[in-house]
Amino acid sequence: MPLTRLKGGRIVDPANGVDAVADLCFADGRIVAPPAGAAAREIDCTGMVLMAGGIDLHTHIGGGKVNIARTLLPEDHAPLHLESDIPLRSACGHAATPTLAAGYRYAQMGYTACFEPAMLPTNARQAHLEMGDTPIVDHGAYAMLGSDDFLLRLLAAEAPQAKIDDYVAWTLSATQAMGIKVVNPGGISAFKFNRRAFDLDDAHPHYGVTPRRILQALARAVANLGVPHPLHVHASNLGAAGNLATTLATMAAVEGLPLHLTHIQFHSYGTEGEFKFSSGAAQIAEAVNRLRNVSIDIGQIMFGQTVTCSGDSMAQQRNVGHATPKKTLLMDIECDAGCGVVPFRYRDQSYVNALQWAIGLELFLLVEDPWRIVLTTDHPNGAPFTSYPHLIRLLCDKAFRDEQFARLHPAARSMSLLPSLKREYSLAEIAVVTRAAPARLLGLADRGQLGAGAAADIAAYRGQADREAMFAAPAWVFKDGVEVVREGRIQAAPQGATHVVRPEYDRAIERELAGFFGSHMTQAFAGFAIGDEELCEACNHGGRLHVHACRRA
């Protein structure tokens, strides 16, 4: 591709310490130092803000539970109207966004990479097929462990850590994953033994191991293997009043190992007040500020209709009575995991929902280091990802935030410290929590930044005081140097790349796994692993593969 010069825009690139008006150039899909003389193509970006393409570290865009949500909610399938100069395949959906619409809409907001956070190993092909059908954006997934029988058997037998490391590394390689996720450690399995609550130090009713032991083993394995992304943790007691104590204990349980706590808003609840439900944001933020090994994403809720879809079948079973509309689905998958899909409408006049909204914003504003926060709504659980521009305005504009707060349930307002928080996010901080921080946490050295040699994933936003309007519709978006959006209109739909890690491991673990598959699984071991050719050609329609280095401890 010939040299393109974006002239005179304000480059906001916190990864390289840049916030200045300058030219930005790229050629052959990579950013280059601005050369002297004219470029083959020059675009006047005066008055625009140039950022790296957005990276969503936690968004449910592929896998079995997402398809269930789409099937369960035909009424959600509102038509998507796209003005474009190229033929686009039809797509529709609001909360249970289908693959095509997800790719188009992410690109139209300036996002160029998305990561599915809960890929069950036995369902990995389906997840990769769906991500491969999501146009434009790069993608990857975290393999879900922690309630699988093979791991629980290893822990119950007090297997050495090295053997657990080998199993984790094999899982990452066989499923073509980017990291490891644990959901309600051991709780999905315990639910099948009729446990309806499972805290950090409760013993599994069959295996006898505790969630604490599962967390420690997996966090140690991820660290030992040198996987860039820390263990991605959906902690115990999601959504339960008083769960902030479990969240704080979870941070301590890994004993200084890297830990990423996901959708932490749903894990930051106290039991104070008339309704026995209160904000624990101050305590959680204090702990995150103190513990440098901990990173978080928020899982902000936004008011309106959505659908919750989670591997945490224990938590979803508790939520069935709140389904709106009144339908739900809970299922088991290969006795290794489960999922629950519950449609839900968040209401600003609900005390609990209003306080959840405030808690998420409190966390954003109280955690001091934006490099350890990622902006998410746990799409679609807290809200569809299309609400990100509105969320950005809430973070950047205190007057607007106060105006929205004044509309909430009065009892919720009385329980929140949000009005006392004066902080407003700068554009540089928005670039961190939506781009630079997720890139760093995932080990994407050439993404989330605009330095020479980085991928030419670029979003050019027209500078506006109304940050919601600004971030809703970039003037230009480039993916690997290809112009994919111009003034809100899709111009091209290239195939994104798949990001994976490949830690080393002792192949002897495969012999034991083959025996386990033969006696316990419905899939044959010989056909379980996904090869590179299958991943790129069959799943990702010819897309590229990015293998990120692991540095074994």
# chains A, B, ... in the order shown; residues from 1 in each chain; ligands from 1
>>> residues_around(residues="Gly443 in chain A", least_positions_apart="6", cutoff="8 Å", atoms="only C-alpha atoms", output="VMD selection string")
chain A and resid 228 to 229 548
>>> residues_around(residues="Thr97 in chain A", least_positions_apart="2", cutoff="12 Å", atoms="only C-alpha atoms", output="number ranges by chain")
A: 59-62, 66-71, 73-74, 76-80, 91-95, 99-106, 130, 134, 306-307, 379-381, 383-386
>>> residues_around(residues="Val433 in chain A", least_positions_apart="6", cutoff="9 Å", atoms="only C-alpha atoms", output="list in words")
Asp297, Pro370, Trp371, Arg372, Ile373, Val374 and Leu375 of chain A
>>> residues_around(residues="Asp480 in chain A", least_positions_apart="4", cutoff="10 Å", atoms="only C-alpha atoms", output="PDB file with N, CA, C and O atoms, in the first residue's frame")
ATOM      1  N   PHE A  26       1.471   6.204   7.327  1.00  0.00           N
ATOM      2  CA  PHE A  26       1.526   4.744   7.312  1.00  0.00           C
ATOM      3  C   PHE A  26       1.633   4.244   5.882  1.00  0.00           C
ATOM      4  O   PHE A  26       1.204   4.907   4.926  1.00  0.00           O
ATOM      5  N   ALA A  27       2.236   3.060   5.759  1.00  0.00           N
ATOM      6  CA  ALA A  27       2.397   2.402   4.457  1.00  0.00           C
ATOM      7  C   ALA A  27       2.495   0.908   4.692  1.00  0.00           C
ATOM      8  O   ALA A  27       3.038   0.466   5.709  1.00  0.00           O
ATOM      9  N   ASP A  28       1.944   0.144   3.769  1.00  0.00           N
ATOM     10  CA  ASP A  28       1.987  -1.315   3.863  1.00  0.00           C
ATOM     11  C   ASP A  28       1.476  -1.826   5.206  1.00  0.00           C
ATOM     12  O   ASP A  28       2.011  -2.783   5.779  1.00  0.00           O
ATOM     13  N   GLY A  29       0.437  -1.174   5.717  1.00  0.00           N
ATOM     14  CA  GLY A  29      -0.223  -1.632   6.927  1.00  0.00           C
ATOM     15  C   GLY A  29       0.473  -1.268   8.220  1.00  0.00           C
ATOM     16  O   GLY A  29       0.014  -1.678   9.299  1.00  0.00           O
ATOM     17  N   ARG A  30       1.571  -0.502   8.156  1.00  0.00           N
ATOM     18  CA  ARG A  30       2.329  -0.148   9.354  1.00  0.00           C
ATOM     19  C   ARG A  30       2.558   1.356   9.427  1.00  0.00           C
ATOM     20  O   ARG A  30       2.675   2.041   8.400  1.00  0.00           O
ATOM     21  N   ILE A  31       2.621   1.867  10.652  1.00  0.00           N
ATOM     22  CA  ILE A  31       2.913   3.281  10.859  1.00  0.00           C
ATOM     23  C   ILE A  31       4.399   3.509  10.631  1.00  0.00           C
ATOM     24  O   ILE A  31       5.246   2.710  11.054  1.00  0.00           O
ATOM     25  N   GLY A  53      -6.602   2.259  17.073  1.00  0.00           N
ATOM     26  CA  GLY A  53      -7.893   1.584  17.055  1.00  0.00           C
ATOM     27  C   GLY A  53      -8.240   1.033  18.423  1.00  0.00           C
ATOM     28  O   GLY A  53      -7.379   0.569  19.175  1.00  0.00           O
ATOM     29  N   THR A 112     -10.898  -1.797  16.538  1.00  0.00           N
ATOM     30  CA  THR A 112     -10.284  -2.665  15.534  1.00  0.00           C
ATOM     31  C   THR A 112      -9.879  -4.038  16.085  1.00  0.00           C
ATOM     32  O   THR A 112      -9.310  -4.843  15.347  1.00  0.00           O
ATOM     33  N   ILE A 136     -13.814  -7.252   9.816  1.00  0.00           N
ATOM     34  CA  ILE A 136     -12.953  -6.088  10.049  1.00  0.00           C
ATOM     35  C   ILE A 136     -12.059  -6.256  11.276  1.00  0.00           C
ATOM     36  O   ILE A 136     -10.842  -6.089  11.193  1.00  0.00           O
ATOM     37  N   ALA A 454       4.143   0.162  14.488  1.00  0.00           N
ATOM     38  CA  ALA A 454       2.870  -0.365  14.983  1.00  0.00           C
ATOM     39  C   ALA A 454       1.918  -0.617  13.820  1.00  0.00           C
ATOM     40  O   ALA A 454       2.045  -0.032  12.738  1.00  0.00           O
ATOM     41  N   ALA A 455       0.962  -1.503  14.044  1.00  0.00           N
ATOM     42  CA  ALA A 455      -0.075  -1.734  13.041  1.00  0.00           C
ATOM     43  C   ALA A 455      -0.828  -0.433  12.786  1.00  0.00           C
ATOM     44  O   ALA A 455      -1.105   0.326  13.715  1.00  0.00           O
ATOM     45  N   ALA A 456      -1.165  -0.199  11.544  1.00  0.00           N
ATOM     46  CA  ALA A 456      -1.892   1.029  11.179  1.00  0.00           C
ATOM     47  C   ALA A 456      -3.379   0.853  11.450  1.00  0.00           C
ATOM     48  O   ALA A 456      -4.213   0.879  10.542  1.00  0.00           O
ATOM     49  N   ASP A 457      -3.707   0.624  12.713  1.00  0.00           N
ATOM     50  CA  ASP A 457      -5.087   0.610  13.195  1.00  0.00           C
ATOM     51  C   ASP A 457      -5.335   1.982  13.807  1.00  0.00           C
ATOM     52  O   ASP A 457      -4.819   2.280  14.896  1.00  0.00           O
ATOM     53  N   ILE A 458      -6.103   2.813  13.133  1.00  0.00           N
ATOM     54  CA  ILE A 458      -6.191   4.236  13.481  1.00  0.00           C
ATOM     55  C   ILE A 458      -7.637   4.691  13.412  1.00  0.00           C
ATOM     56  O   ILE A 458      -8.363   4.340  12.471  1.00  0.00           O
ATOM     57  N   VAL A 484     -11.533   1.558   6.337  1.00  0.00           N
ATOM     58  CA  VAL A 484     -12.729   0.736   6.538  1.00  0.00           C
ATOM     59  C   VAL A 484     -13.966   1.569   6.857  1.00  0.00           C
ATOM     60  O   VAL A 484     -15.096   1.117   6.643  1.00  0.00           O
ATOM     61  N   PRO A 494     -12.359  -5.924   5.419  1.00  0.00           N
ATOM     62  CA  PRO A 494     -11.299  -6.933   5.364  1.00  0.00           C
ATOM     63  C   PRO A 494     -11.446  -7.944   6.496  1.00  0.00           C
ATOM     64  O   PRO A 494     -12.157  -7.716   7.472  1.00  0.00           O
ATOM     65  N   GLY A 496     -10.233  -9.764   9.724  1.00  0.00           N
ATOM     66  CA  GLY A 496      -9.324  -9.531  10.832  1.00  0.00           C
ATOM     67  C   GLY A 496      -8.459 -10.748  11.113  1.00  0.00           C
ATOM     68  O   GLY A 496      -8.723 -11.862  10.638  1.00  0.00           O
TER      69      GLY A 496
END
>>> closest_residue(among="A:Asp378, A:Glu468, A:Asp532, A:Asp369", to="Leu394 in chain A", atoms="only C-alpha atoms")
A:Glu468
